[in-house]
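S.K.: Structure provided below as structure tokens; questions to follow.
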Amino acid sequence: MSFPRYGHTASVLTNGKVLVAGGASTAGFQNSAELYDPSTGLWTITDSMNARRYWHTASILTNGKVLVTGGSGTSNYQQTAELYDPSTGYWNNTGSMNYGRWHHTASLLTNGQVLVTGGYGTSGIWQTAELYDPSTGVWTVTSNMSTGREWHTASTLNNGKVLVTGGLSSSAYLRTAELYDSSVGLWITTGNMTNGRYYHTASLLNNGKVLVAGGTGPSSYMASAELYDPSTGAWTVTGSMSTGRQDHTASTLMNGQVLVVGGVSGVYSRSSELYG
């Protein structure tokens with residue numbers, strides 16, 4: 001890349017390129033963005049975001065644009081959101097969220113809207129959730145989660161519901177999980193995970209189940225993993241990773257396996273491993 005960064009986002013565009021945006025480094029908070037072209041292996045600089053931000057979110061919309069929300073940088077807990085248009089290579093501001101937040105999640109719903117949940121802001125850890133409508137650029141508040149949480153995960157299931165798992169509350173590593181039903185705008189609690197964790201990953205598998213792996217919990221860096229079955233609402237323990245890790249990545253491959261890479265486990269990890 002042209003700039004070192006962490007706390008950034010990476011989005012696979014509909015044209016196959018990867019957009020990396022924002023983050024932070026020793027030079028401070030970044031608003032720069034760049035594109036990786038897999039066909040050439042080269043990086044090119046593109047238009048910079050309007051705000052410097054890290055620990056934000058980036059979501060590919062059904063129209064191919066990228067919605068970036070929140071984060072910290074230009075202001076502590078940003079309410080602002082902006083759109084990247086791959087056809088022009090430019091960023092444009094869109095409607096601001098109702099709550100400034102970072103360490104939150106953003107999930108594309110089957111109706112094309114984006115659900116933002118939780119995170120940290122001026123009042124601490126948020127229970128709040130809100131919806132972005134790409135057709136209007138407007139945010140509307142929806143019902144609160146049952147528990148405030150940051151550093152959680154959110155996965156859009158094959159049935160259209162959004163599964164939120166774990167995270168950090170003001171007093172605990174969370175085991176709880178809940179489902180957002182966009183057809184009614186309500187949250188429903190579902191089965192608890194075996195272990196409380198945050199900084200973990202959640203991967204939707206080809207069979208519709210969700211694999212949660214790693215993170216930090218009461219026993220520090222976690223190697224454990226577990227599976228959520230949407231048909232029963234239950235969790236089952238599955239094989240552990242070879243290395244406990246937090247703040248790693250997990251990618252579901254075309255062959256159905258999940259690739260886990262890097263993270264922190266006392267030291268910054270170079271290791272990777274496969275599930276499945």
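Please note that chains go A, B, ... in the order of the structure tokens, that every chain numbers its residues from 1, and that ligands are numbered from 1 in the order shown.
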Please return as a PDB file with N, CA and C atoms, in the first residue's frame: the residues of range 43-273 of chain A that backbone DSSP assigns to strand (DSSP E or B).
M.R.:
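As a result, selection.pdb now contains:
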ATOM      1  N   TRP A  43      -1.285  -1.188  -6.483  1.00  0.00           N
ATOM      2  CA  TRP A  43      -2.098  -0.254  -5.711  1.00  0.00           C
ATOM      3  C   TRP A  43      -2.093   1.106  -6.402  1.00  0.00           C
ATOM      4  N   THR A  44      -3.247   1.766  -6.437  1.00  0.00           N
ATOM      5  CA  THR A  44      -3.330   3.135  -6.939  1.00  0.00           C
ATOM      6  C   THR A  44      -4.104   3.979  -5.935  1.00  0.00           C
ATOM      7  N   ILE A  45      -3.666   5.223  -5.774  1.00  0.00           N
ATOM      8  CA  ILE A  45      -4.343   6.131  -4.856  1.00  0.00           C
ATOM      9  C   ILE A  45      -5.627   6.632  -5.510  1.00  0.00           C
ATOM     10  N   THR A  46      -6.696   6.710  -4.724  1.00  0.00           N
ATOM     11  CA  THR A  46      -7.953   7.278  -5.192  1.00  0.00           C
ATOM     12  C   THR A  46      -8.309   8.468  -4.303  1.00  0.00           C
ATOM     13  N   ARG A  53     -10.701   9.061   9.714  1.00  0.00           N
ATOM     14  CA  ARG A  53     -11.409   8.150  10.617  1.00  0.00           C
ATOM     15  C   ARG A  53     -10.719   6.785  10.676  1.00  0.00           C
ATOM     16  N   TYR A  54     -10.827   6.160  11.841  1.00  0.00           N
ATOM     17  CA  TYR A  54     -10.417   4.758  11.977  1.00  0.00           C
ATOM     18  C   TYR A  54     -11.405   4.040  12.887  1.00  0.00           C
ATOM     19  N   THR A  57     -16.814   1.681   9.767  1.00  0.00           N
ATOM     20  CA  THR A  57     -17.297   0.539   8.992  1.00  0.00           C
ATOM     21  C   THR A  57     -17.395   0.927   7.520  1.00  0.00           C
ATOM     22  N   ALA A  58     -17.391  -0.081   6.656  1.00  0.00           N
ATOM     23  CA  ALA A  58     -17.572   0.128   5.215  1.00  0.00           C
ATOM     24  C   ALA A  58     -18.460  -0.989   4.677  1.00  0.00           C
ATOM     25  N   SER A  59     -19.524  -0.619   3.984  1.00  0.00           N
ATOM     26  CA  SER A  59     -20.510  -1.577   3.471  1.00  0.00           C
ATOM     27  C   SER A  59     -20.722  -1.362   1.976  1.00  0.00           C
ATOM     28  N   ILE A  60     -20.698  -2.457   1.213  1.00  0.00           N
ATOM     29  CA  ILE A  60     -21.005  -2.389  -0.215  1.00  0.00           C
ATOM     30  C   ILE A  60     -22.522  -2.386  -0.381  1.00  0.00           C
ATOM     31  N   VAL A  66     -19.925   2.416  -1.831  1.00  0.00           N
ATOM     32  CA  VAL A  66     -19.443   1.994  -0.516  1.00  0.00           C
ATOM     33  C   VAL A  66     -19.863   3.037   0.513  1.00  0.00           C
ATOM     34  N   LEU A  67     -20.590   2.590   1.532  1.00  0.00           N
ATOM     35  CA  LEU A  67     -21.021   3.456   2.623  1.00  0.00           C
ATOM     36  C   LEU A  67     -20.062   3.313   3.792  1.00  0.00           C
ATOM     37  N   VAL A  68     -19.412   4.415   4.169  1.00  0.00           N
ATOM     38  CA  VAL A  68     -18.520   4.447   5.332  1.00  0.00           C
ATOM     39  C   VAL A  68     -19.223   5.200   6.454  1.00  0.00           C
ATOM     40  N   THR A  69     -19.179   4.652   7.666  1.00  0.00           N
ATOM     41  CA  THR A  69     -19.893   5.259   8.789  1.00  0.00           C
ATOM     42  C   THR A  69     -19.010   5.369  10.021  1.00  0.00           C
ATOM     43  N   SER A  72     -13.504   7.117  14.672  1.00  0.00           N
ATOM     44  CA  SER A  72     -12.895   8.205  15.433  1.00  0.00           C
ATOM     45  C   SER A  72     -11.798   8.813  14.584  1.00  0.00           C
ATOM     46  N   GLY A  73     -11.556  10.113  14.766  1.00  0.00           N
ATOM     47  CA  GLY A  73     -10.517  10.769  13.984  1.00  0.00           C
ATOM     48  C   GLY A  73     -10.678  12.259  13.973  1.00  0.00           C
ATOM     49  N   ALA A  81     -21.238  10.161   7.743  1.00  0.00           N
ATOM     50  CA  ALA A  81     -21.164   9.030   6.821  1.00  0.00           C
ATOM     51  C   ALA A  81     -20.891   9.580   5.428  1.00  0.00           C
ATOM     52  N   GLU A  82     -20.246   8.769   4.610  1.00  0.00           N
ATOM     53  CA  GLU A  82     -19.957   9.203   3.243  1.00  0.00           C
ATOM     54  C   GLU A  82     -19.972   8.014   2.299  1.00  0.00           C
ATOM     55  N   LEU A  83     -20.122   8.325   1.011  1.00  0.00           N
ATOM     56  CA  LEU A  83     -20.255   7.310  -0.026  1.00  0.00           C
ATOM     57  C   LEU A  83     -19.115   7.417  -1.028  1.00  0.00           C
ATOM     58  N   TYR A  84     -18.538   6.255  -1.369  1.00  0.00           N
ATOM     59  CA  TYR A  84     -17.543   6.183  -2.443  1.00  0.00           C
ATOM     60  C   TYR A  84     -18.208   5.598  -3.672  1.00  0.00           C
ATOM     61  N   ASP A  85     -18.061   6.291  -4.794  1.00  0.00           N
ATOM     62  CA  ASP A  85     -18.635   5.836  -6.059  1.00  0.00           C
ATOM     63  C   ASP A  85     -17.512   5.303  -6.949  1.00  0.00           C
ATOM     64  N   TYR A  90     -14.869   9.155  -6.600  1.00  0.00           N
ATOM     65  CA  TYR A  90     -15.003  10.256  -5.650  1.00  0.00           C
ATOM     66  C   TYR A  90     -15.871   9.876  -4.456  1.00  0.00           C
ATOM     67  N   TRP A  91     -15.603  10.595  -3.338  1.00  0.00           N
ATOM     68  CA  TRP A  91     -16.398  10.487  -2.120  1.00  0.00           C
ATOM     69  C   TRP A  91     -17.374  11.652  -2.035  1.00  0.00           C
ATOM     70  N   ASN A  92     -18.579  11.376  -1.532  1.00  0.00           N
ATOM     71  CA  ASN A  92     -19.569  12.411  -1.261  1.00  0.00           C
ATOM     72  C   ASN A  92     -20.212  12.153   0.094  1.00  0.00           C
ATOM     73  N   ASN A  93     -20.432  13.228   0.853  1.00  0.00           N
ATOM     74  CA  ASN A  93     -21.109  13.086   2.130  1.00  0.00           C
ATOM     75  C   ASN A  93     -22.554  12.649   1.915  1.00  0.00           C
ATOM     76  N   THR A  94     -23.062  11.870   2.864  1.00  0.00           N
ATOM     77  CA  THR A  94     -24.476  11.520   2.900  1.00  0.00           C
ATOM     78  C   THR A  94     -24.999  11.849   4.295  1.00  0.00           C
ATOM     79  N   TRP A 102     -17.969   4.472  17.322  1.00  0.00           N
ATOM     80  CA  TRP A 102     -16.936   3.636  16.725  1.00  0.00           C
ATOM     81  C   TRP A 102     -17.004   2.279  17.409  1.00  0.00           C
ATOM     82  N   THR A 105     -20.975  -2.083  14.351  1.00  0.00           N
ATOM     83  CA  THR A 105     -21.097  -2.949  13.180  1.00  0.00           C
ATOM     84  C   THR A 105     -22.061  -2.321  12.180  1.00  0.00           C
ATOM     85  N   ALA A 106     -21.931  -2.723  10.925  1.00  0.00           N
ATOM     86  CA  ALA A 106     -22.840  -2.285   9.865  1.00  0.00           C
ATOM     87  C   ALA A 106     -23.145  -3.488   8.982  1.00  0.00           C
ATOM     88  N   SER A 107     -24.425  -3.766   8.778  1.00  0.00           N
ATOM     89  CA  SER A 107     -24.853  -4.963   8.048  1.00  0.00           C
ATOM     90  C   SER A 107     -25.813  -4.592   6.931  1.00  0.00           C
ATOM     91  N   LEU A 108     -25.545  -5.107   5.730  1.00  0.00           N
ATOM     92  CA  LEU A 108     -26.449  -4.900   4.602  1.00  0.00           C
ATOM     93  C   LEU A 108     -27.628  -5.861   4.728  1.00  0.00           C
ATOM     94  N   VAL A 114     -29.025  -0.491   5.443  1.00  0.00           N
ATOM     95  CA  VAL A 114     -27.870  -0.870   6.259  1.00  0.00           C
ATOM     96  C   VAL A 114     -28.222  -0.675   7.728  1.00  0.00           C
ATOM     97  N   LEU A 115     -28.009  -1.718   8.525  1.00  0.00           N
ATOM     98  CA  LEU A 115     -28.260  -1.692   9.962  1.00  0.00           C
ATOM     99  C   LEU A 115     -26.954  -1.457  10.702  1.00  0.00           C
ATOM    100  N   VAL A 116     -26.887  -0.376  11.478  1.00  0.00           N
ATOM    101  CA  VAL A 116     -25.727  -0.078  12.321  1.00  0.00           C
ATOM    102  C   VAL A 116     -26.111  -0.341  13.772  1.00  0.00           C
ATOM    103  N   THR A 117     -25.232  -1.036  14.503  1.00  0.00           N
ATOM    104  CA  THR A 117     -25.547  -1.412  15.881  1.00  0.00           C
ATOM    105  C   THR A 117     -24.390  -1.122  16.824  1.00  0.00           C
ATOM    106  N   TYR A 120     -19.257   2.534  20.633  1.00  0.00           N
ATOM    107  CA  TYR A 120     -18.944   3.412  21.764  1.00  0.00           C
ATOM    108  C   TYR A 120     -19.112   4.856  21.331  1.00  0.00           C
ATOM    109  N   GLY A 121     -19.697   5.673  22.218  1.00  0.00           N
ATOM    110  CA  GLY A 121     -19.912   7.081  21.907  1.00  0.00           C
ATOM    111  C   GLY A 121     -19.886   7.942  23.147  1.00  0.00           C
ATOM    112  N   GLY A 124     -20.984   6.394  26.403  1.00  0.00           N
ATOM    113  CA  GLY A 124     -20.424   5.081  26.700  1.00  0.00           C
ATOM    114  C   GLY A 124     -20.797   4.073  25.635  1.00  0.00           C
ATOM    115  N   ILE A 125     -21.038   2.839  26.060  1.00  0.00           N
ATOM    116  CA  ILE A 125     -21.343   1.755  25.127  1.00  0.00           C
ATOM    117  C   ILE A 125     -22.823   1.828  24.742  1.00  0.00           C
ATOM    118  N   ALA A 129     -29.499   1.244  17.773  1.00  0.00           N
ATOM    119  CA  ALA A 129     -29.347   0.751  16.403  1.00  0.00           C
ATOM    120  C   ALA A 129     -30.093   1.702  15.479  1.00  0.00           C
ATOM    121  N   GLU A 130     -29.608   1.812  14.248  1.00  0.00           N
ATOM    122  CA  GLU A 130     -30.260   2.696  13.285  1.00  0.00           C
ATOM    123  C   GLU A 130     -30.097   2.151  11.874  1.00  0.00           C
ATOM    124  N   LEU A 131     -30.972   2.624  10.990  1.00  0.00           N
ATOM    125  CA  LEU A 131     -31.047   2.125   9.620  1.00  0.00           C
ATOM    126  C   LEU A 131     -30.750   3.234   8.623  1.00  0.00           C
ATOM    127  N   TYR A 132     -29.926   2.909   7.620  1.00  0.00           N
ATOM    128  CA  TYR A 132     -29.634   3.832   6.519  1.00  0.00           C
ATOM    129  C   TYR A 132     -30.387   3.392   5.282  1.00  0.00           C
ATOM    130  N   ASP A 133     -31.099   4.339   4.672  1.00  0.00           N
ATOM    131  CA  ASP A 133     -31.837   4.067   3.441  1.00  0.00           C
ATOM    132  C   ASP A 133     -31.083   4.703   2.270  1.00  0.00           C
ATOM    133  N   VAL A 138     -31.039   8.942   4.307  1.00  0.00           N
ATOM    134  CA  VAL A 138     -31.511   9.307   5.648  1.00  0.00           C
ATOM    135  C   VAL A 138     -31.374   8.119   6.602  1.00  0.00           C
ATOM    136  N   TRP A 139     -31.019   8.440   7.863  1.00  0.00           N
ATOM    137  CA  TRP A 139     -30.937   7.460   8.940  1.00  0.00           C
ATOM    138  C   TRP A 139     -32.185   7.541   9.812  1.00  0.00           C
ATOM    139  N   THR A 140     -32.712   6.388  10.201  1.00  0.00           N
ATOM    140  CA  THR A 140     -33.829   6.348  11.142  1.00  0.00           C
ATOM    141  C   THR A 140     -33.481   5.397  12.282  1.00  0.00           C
ATOM    142  N   VAL A 141     -33.836   5.805  13.485  1.00  0.00           N
ATOM    143  CA  VAL A 141     -33.581   4.971  14.660  1.00  0.00           C
ATOM    144  C   VAL A 141     -34.534   3.781  14.644  1.00  0.00           C
ATOM    145  N   THR A 142     -34.027   2.600  14.943  1.00  0.00           N
ATOM    146  CA  THR A 142     -34.856   1.414  15.113  1.00  0.00           C
ATOM    147  C   THR A 142     -34.733   0.955  16.563  1.00  0.00           C
ATOM    148  N   GLU A 150     -19.897  -3.225  22.358  1.00  0.00           N
ATOM    149  CA  GLU A 150     -18.920  -2.783  21.360  1.00  0.00           C
ATOM    150  C   GLU A 150     -17.979  -3.941  21.069  1.00  0.00           C
ATOM    151  N   THR A 153     -19.858  -8.724  16.857  1.00  0.00           N
ATOM    152  CA  THR A 153     -19.967  -9.052  15.433  1.00  0.00           C
ATOM    153  C   THR A 153     -21.433  -9.029  15.022  1.00  0.00           C
ATOM    154  N   ALA A 154     -21.668  -8.868  13.735  1.00  0.00           N
ATOM    155  CA  ALA A 154     -23.020  -8.904  13.178  1.00  0.00           C
ATOM    156  C   ALA A 154     -22.973  -9.626  11.843  1.00  0.00           C
ATOM    157  N   SER A 155     -23.830 -10.622  11.679  1.00  0.00           N
ATOM    158  CA  SER A 155     -23.850 -11.452  10.468  1.00  0.00           C
ATOM    159  C   SER A 155     -25.263 -11.506   9.911  1.00  0.00           C
ATOM    160  N   THR A 156     -25.416 -11.198   8.627  1.00  0.00           N
ATOM    161  CA  THR A 156     -26.719 -11.324   7.973  1.00  0.00           C
ATOM    162  C   THR A 156     -26.910 -12.775   7.554  1.00  0.00           C
ATOM    163  N   VAL A 162     -30.382 -10.617  11.253  1.00  0.00           N
ATOM    164  CA  VAL A 162     -28.997 -10.268  11.582  1.00  0.00           C
ATOM    165  C   VAL A 162     -28.670 -10.819  12.961  1.00  0.00           C
ATOM    166  N   LEU A 163     -27.629 -11.640  13.028  1.00  0.00           N
ATOM    167  CA  LEU A 163     -27.170 -12.228  14.281  1.00  0.00           C
ATOM    168  C   LEU A 163     -26.044 -11.384  14.854  1.00  0.00           C
ATOM    169  N   VAL A 164     -26.263 -10.844  16.058  1.00  0.00           N
ATOM    170  CA  VAL A 164     -25.235 -10.088  16.774  1.00  0.00           C
ATOM    171  C   VAL A 164     -24.721 -10.955  17.915  1.00  0.00           C
ATOM    172  N   THR A 165     -23.388 -11.046  18.040  1.00  0.00           N
ATOM    173  CA  THR A 165     -22.801 -11.931  19.045  1.00  0.00           C
ATOM    174  C   THR A 165     -21.745 -11.217  19.872  1.00  0.00           C
ATOM    175  N   LEU A 168     -18.172  -6.399  24.162  1.00  0.00           N
ATOM    176  CA  LEU A 168     -17.801  -5.904  25.487  1.00  0.00           C
ATOM    177  C   LEU A 168     -18.900  -4.980  25.979  1.00  0.00           C
ATOM    178  N   TYR A 173     -17.415  -9.479  29.538  1.00  0.00           N
ATOM    179  CA  TYR A 173     -17.272 -10.068  28.217  1.00  0.00           C
ATOM    180  C   TYR A 173     -18.592 -10.789  27.936  1.00  0.00           C
ATOM    181  N   ALA A 177     -26.294 -13.388  22.591  1.00  0.00           N
ATOM    182  CA  ALA A 177     -26.497 -13.171  21.157  1.00  0.00           C
ATOM    183  C   ALA A 177     -27.951 -12.776  20.945  1.00  0.00           C
ATOM    184  N   GLU A 178     -28.199 -12.008  19.903  1.00  0.00           N
ATOM    185  CA  GLU A 178     -29.566 -11.593  19.601  1.00  0.00           C
ATOM    186  C   GLU A 178     -29.739 -11.436  18.099  1.00  0.00           C
ATOM    187  N   LEU A 179     -31.002 -11.487  17.682  1.00  0.00           N
ATOM    188  CA  LEU A 179     -31.359 -11.442  16.267  1.00  0.00           C
ATOM    189  C   LEU A 179     -32.203 -10.211  15.973  1.00  0.00           C
ATOM    190  N   TYR A 180     -31.866  -9.512  14.888  1.00  0.00           N
ATOM    191  CA  TYR A 180     -32.691  -8.397  14.417  1.00  0.00           C
ATOM    192  C   TYR A 180     -33.529  -8.874  13.248  1.00  0.00           C
ATOM    193  N   ASP A 181     -34.842  -8.675  13.360  1.00  0.00           N
ATOM    194  CA  ASP A 181     -35.775  -9.043  12.299  1.00  0.00           C
ATOM    195  C   ASP A 181     -36.220  -7.764  11.602  1.00  0.00           C
ATOM    196  N   LEU A 186     -37.583  -5.447  15.160  1.00  0.00           N
ATOM    197  CA  LEU A 186     -37.422  -5.815  16.566  1.00  0.00           C
ATOM    198  C   LEU A 186     -36.259  -6.779  16.757  1.00  0.00           C
ATOM    199  N   TRP A 187     -35.721  -6.776  17.991  1.00  0.00           N
ATOM    200  CA  TRP A 187     -34.664  -7.686  18.406  1.00  0.00           C
ATOM    201  C   TRP A 187     -35.256  -8.834  19.213  1.00  0.00           C
ATOM    202  N   ILE A 188     -34.713 -10.025  19.008  1.00  0.00           N
ATOM    203  CA  ILE A 188     -35.128 -11.220  19.726  1.00  0.00           C
ATOM    204  C   ILE A 188     -33.872 -11.890  20.266  1.00  0.00           C
ATOM    205  N   THR A 189     -33.864 -12.228  21.552  1.00  0.00           N
ATOM    206  CA  THR A 189     -32.704 -12.932  22.098  1.00  0.00           C
ATOM    207  C   THR A 189     -32.694 -14.361  21.565  1.00  0.00           C
ATOM    208  N   THR A 190     -31.495 -14.893  21.400  1.00  0.00           N
ATOM    209  CA  THR A 190     -31.330 -16.272  20.967  1.00  0.00           C
ATOM    210  C   THR A 190     -30.332 -16.936  21.905  1.00  0.00           C
ATOM    211  N   TYR A 198     -14.919 -10.847  22.983  1.00  0.00           N
ATOM    212  CA  TYR A 198     -14.977  -9.701  22.079  1.00  0.00           C
ATOM    213  C   TYR A 198     -13.702  -9.692  21.248  1.00  0.00           C
ATOM    214  N   THR A 201     -14.244 -13.066  15.572  1.00  0.00           N
ATOM    215  CA  THR A 201     -14.783 -13.029  14.212  1.00  0.00           C
ATOM    216  C   THR A 201     -16.025 -13.905  14.134  1.00  0.00           C
ATOM    217  N   ALA A 202     -16.866 -13.612  13.151  1.00  0.00           N
ATOM    218  CA  ALA A 202     -18.053 -14.427  12.879  1.00  0.00           C
ATOM    219  C   ALA A 202     -18.163 -14.598  11.373  1.00  0.00           C
ATOM    220  N   SER A 203     -18.227 -15.842  10.923  1.00  0.00           N
ATOM    221  CA  SER A 203     -18.220 -16.157   9.488  1.00  0.00           C
ATOM    222  C   SER A 203     -19.453 -16.968   9.125  1.00  0.00           C
ATOM    223  N   LEU A 204     -20.181 -16.517   8.108  1.00  0.00           N
ATOM    224  CA  LEU A 204     -21.326 -17.270   7.604  1.00  0.00           C
ATOM    225  C   LEU A 204     -20.818 -18.393   6.705  1.00  0.00           C
ATOM    226  N   VAL A 210     -23.126 -20.168  11.499  1.00  0.00           N
ATOM    227  CA  VAL A 210     -22.160 -19.095  11.739  1.00  0.00           C
ATOM    228  C   VAL A 210     -21.050 -19.617  12.642  1.00  0.00           C
ATOM    229  N   LEU A 211     -19.809 -19.444  12.198  1.00  0.00           N
ATOM    230  CA  LEU A 211     -18.630 -19.841  12.962  1.00  0.00           C
ATOM    231  C   LEU A 211     -18.062 -18.627  13.676  1.00  0.00           C
ATOM    232  N   VAL A 212     -18.036 -18.688  15.008  1.00  0.00           N
ATOM    233  CA  VAL A 212     -17.399 -17.651  15.823  1.00  0.00           C
ATOM    234  C   VAL A 212     -16.067 -18.200  16.314  1.00  0.00           C
ATOM    235  N   ALA A 213     -15.005 -17.394  16.187  1.00  0.00           N
ATOM    236  CA  ALA A 213     -13.664 -17.886  16.513  1.00  0.00           C
ATOM    237  C   ALA A 213     -12.855 -16.825  17.235  1.00  0.00           C
ATOM    238  N   THR A 216     -11.035 -12.119  22.732  1.00  0.00           N
ATOM    239  CA  THR A 216     -10.537 -11.989  24.095  1.00  0.00           C
ATOM    240  C   THR A 216     -11.679 -12.247  25.061  1.00  0.00           C
ATOM    241  N   GLY A 217     -11.375 -12.984  26.128  1.00  0.00           N
ATOM    242  CA  GLY A 217     -12.361 -13.275  27.158  1.00  0.00           C
ATOM    243  C   GLY A 217     -11.700 -13.318  28.512  1.00  0.00           C
ATOM    244  N   SER A 220      -8.082 -14.383  28.603  1.00  0.00           N
ATOM    245  CA  SER A 220      -7.221 -13.646  27.683  1.00  0.00           C
ATOM    246  C   SER A 220      -7.457 -14.109  26.247  1.00  0.00           C
ATOM    247  N   TYR A 221      -6.393 -14.311  25.467  1.00  0.00           N
ATOM    248  CA  TYR A 221      -6.545 -14.640  24.051  1.00  0.00           C
ATOM    249  C   TYR A 221      -7.147 -16.035  23.890  1.00  0.00           C
ATOM    250  N   ALA A 225     -13.634 -22.029  19.417  1.00  0.00           N
ATOM    251  CA  ALA A 225     -14.562 -21.673  18.343  1.00  0.00           C
ATOM    252  C   ALA A 225     -15.879 -22.388  18.591  1.00  0.00           C
ATOM    253  N   GLU A 226     -16.958 -21.811  18.085  1.00  0.00           N
ATOM    254  CA  GLU A 226     -18.267 -22.425  18.238  1.00  0.00           C
ATOM    255  C   GLU A 226     -19.155 -22.076  17.056  1.00  0.00           C
ATOM    256  N   LEU A 227     -20.188 -22.908  16.865  1.00  0.00           N
ATOM    257  CA  LEU A 227     -21.082 -22.789  15.715  1.00  0.00           C
ATOM    258  C   LEU A 227     -22.498 -22.454  16.158  1.00  0.00           C
ATOM    259  N   TYR A 228     -23.116 -21.511  15.453  1.00  0.00           N
ATOM    260  CA  TYR A 228     -24.517 -21.166  15.693  1.00  0.00           C
ATOM    261  C   TYR A 228     -25.372 -21.751  14.585  1.00  0.00           C
ATOM    262  N   ASP A 229     -26.445 -22.427  14.975  1.00  0.00           N
ATOM    263  CA  ASP A 229     -27.372 -23.024  14.020  1.00  0.00           C
ATOM    264  C   ASP A 229     -28.670 -22.212  14.021  1.00  0.00           C
ATOM    265  N   ALA A 234     -29.243 -22.629  18.677  1.00  0.00           N
ATOM    266  CA  ALA A 234     -28.296 -23.192  19.645  1.00  0.00           C
ATOM    267  C   ALA A 234     -26.862 -23.098  19.135  1.00  0.00           C
ATOM    268  N   TRP A 235     -25.928 -23.058  20.100  1.00  0.00           N
ATOM    269  CA  TRP A 235     -24.494 -23.043  19.831  1.00  0.00           C
ATOM    270  C   TRP A 235     -23.893 -24.395  20.191  1.00  0.00           C
ATOM    271  N   THR A 236     -22.934 -24.846  19.401  1.00  0.00           N
ATOM    272  CA  THR A 236     -22.169 -26.044  19.730  1.00  0.00           C
ATOM    273  C   THR A 236     -20.686 -25.733  19.589  1.00  0.00           C
ATOM    274  N   VAL A 237     -19.907 -26.267  20.506  1.00  0.00           N
ATOM    275  CA  VAL A 237     -18.460 -26.074  20.452  1.00  0.00           C
ATOM    276  C   VAL A 237     -17.894 -26.888  19.298  1.00  0.00           C
ATOM    277  N   THR A 238     -16.956 -26.309  18.573  1.00  0.00           N
ATOM    278  CA  THR A 238     -16.268 -27.012  17.492  1.00  0.00           C
ATOM    279  C   THR A 238     -14.767 -26.952  17.760  1.00  0.00           C
ATOM    280  N   GLN A 246      -6.812 -12.483  18.957  1.00  0.00           N
ATOM    281  CA  GLN A 246      -7.860 -11.478  18.870  1.00  0.00           C
ATOM    282  C   GLN A 246      -7.529 -10.521  17.726  1.00  0.00           C
ATOM    283  N   THR A 249      -8.579 -11.694  11.236  1.00  0.00           N
ATOM    284  CA  THR A 249      -9.600 -11.706  10.194  1.00  0.00           C
ATOM    285  C   THR A 249      -9.998 -13.145   9.892  1.00  0.00           C
ATOM    286  N   ALA A 250     -11.206 -13.299   9.364  1.00  0.00           N
ATOM    287  CA  ALA A 250     -11.699 -14.616   8.958  1.00  0.00           C
ATOM    288  C   ALA A 250     -12.471 -14.455   7.658  1.00  0.00           C
ATOM    289  N   SER A 251     -12.114 -15.253   6.666  1.00  0.00           N
ATOM    290  CA  SER A 251     -12.721 -15.144   5.333  1.00  0.00           C
ATOM    291  C   SER A 251     -13.251 -16.504   4.902  1.00  0.00           C
ATOM    292  N   THR A 252     -14.523 -16.546   4.491  1.00  0.00           N
ATOM    293  CA  THR A 252     -15.102 -17.777   3.966  1.00  0.00           C
ATOM    294  C   THR A 252     -14.708 -17.920   2.498  1.00  0.00           C
ATOM    295  N   VAL A 258     -12.836 -21.740   5.993  1.00  0.00           N
ATOM    296  CA  VAL A 258     -12.654 -20.399   6.554  1.00  0.00           C
ATOM    297  C   VAL A 258     -11.171 -20.186   6.830  1.00  0.00           C
ATOM    298  N   LEU A 259     -10.622 -19.120   6.266  1.00  0.00           N
ATOM    299  CA  LEU A 259      -9.220 -18.762   6.456  1.00  0.00           C
ATOM    300  C   LEU A 259      -9.119 -17.712   7.551  1.00  0.00           C
ATOM    301  N   VAL A 260      -8.406 -18.044   8.621  1.00  0.00           N
ATOM    302  CA  VAL A 260      -8.144 -17.112   9.723  1.00  0.00           C
ATOM    303  C   VAL A 260      -6.700 -16.645   9.614  1.00  0.00           C
ATOM    304  N   VAL A 261      -6.502 -15.325   9.723  1.00  0.00           N
ATOM    305  CA  VAL A 261      -5.175 -14.743   9.497  1.00  0.00           C
ATOM    306  C   VAL A 261      -4.849 -13.743  10.597  1.00  0.00           C
ATOM    307  N   VAL A 264      -3.614 -10.692  17.240  1.00  0.00           N
ATOM    308  CA  VAL A 264      -2.718 -10.462  18.373  1.00  0.00           C
ATOM    309  C   VAL A 264      -2.878 -11.608  19.355  1.00  0.00           C
ATOM    310  N   TYR A 268       2.189  -9.683  17.734  1.00  0.00           N
ATOM    311  CA  TYR A 268       1.464  -9.594  16.472  1.00  0.00           C
ATOM    312  C   TYR A 268       1.735 -10.866  15.673  1.00  0.00           C
ATOM    313  N   SER A 272      -1.529 -18.267  10.025  1.00  0.00           N
ATOM    314  CA  SER A 272      -2.859 -18.427   9.451  1.00  0.00           C
ATOM    315  C   SER A 272      -3.261 -19.889   9.583  1.00  0.00           C
ATOM    316  N   GLU A 273      -4.561 -20.142   9.566  1.00  0.00           N
ATOM    317  CA  GLU A 273      -5.050 -21.507   9.662  1.00  0.00           C
ATOM    318  C   GLU A 273      -6.414 -21.609   8.995  1.00  0.00           C
TER     319      GLU A 273
END
S.K.: Nearest to His152 in chain A: which of A:Val267, A:Ala33, A:Leu174, A:Met97 is it, counting only C-alpha atoms?
M.R.: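 Using only C-alpha atoms, His152 in chain A sits closest to A:Leu174.
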S.K.: Would you mind listing what lies within 7 Å of Ala21 in chain A as a list in words, with only C-alpha atoms counted and same-chain residues fewer than 5 positions away left out?
M.R.: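 Here the qualifying residues turn out to be His8, Thr9, Ala10, Asn31, Ser32, Ala33 and Glu34 of chain A.
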S.K.: Rank nothing, just name the residue among A:Ser96, A:Asn255, A:Ser11, A:Ser87 nearest to Asn207 in chain A, using only C-alpha atoms.
M.R.: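 Of A:Ser96, A:Asn255, A:Ser11, A:Ser87, the one nearest Asn207 in chain A, counting only C-alpha atoms, is A:Asn255.
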S.K.: For CA of Tyr36 in chain A and CA of Gly23 in chain A, determine how far apart the two atoms are, in Å to one decimal place.
M.R.: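 Calculated distance between CA of Tyr36 in chain A and CA of Gly23 in chain A is 16.2 Å.
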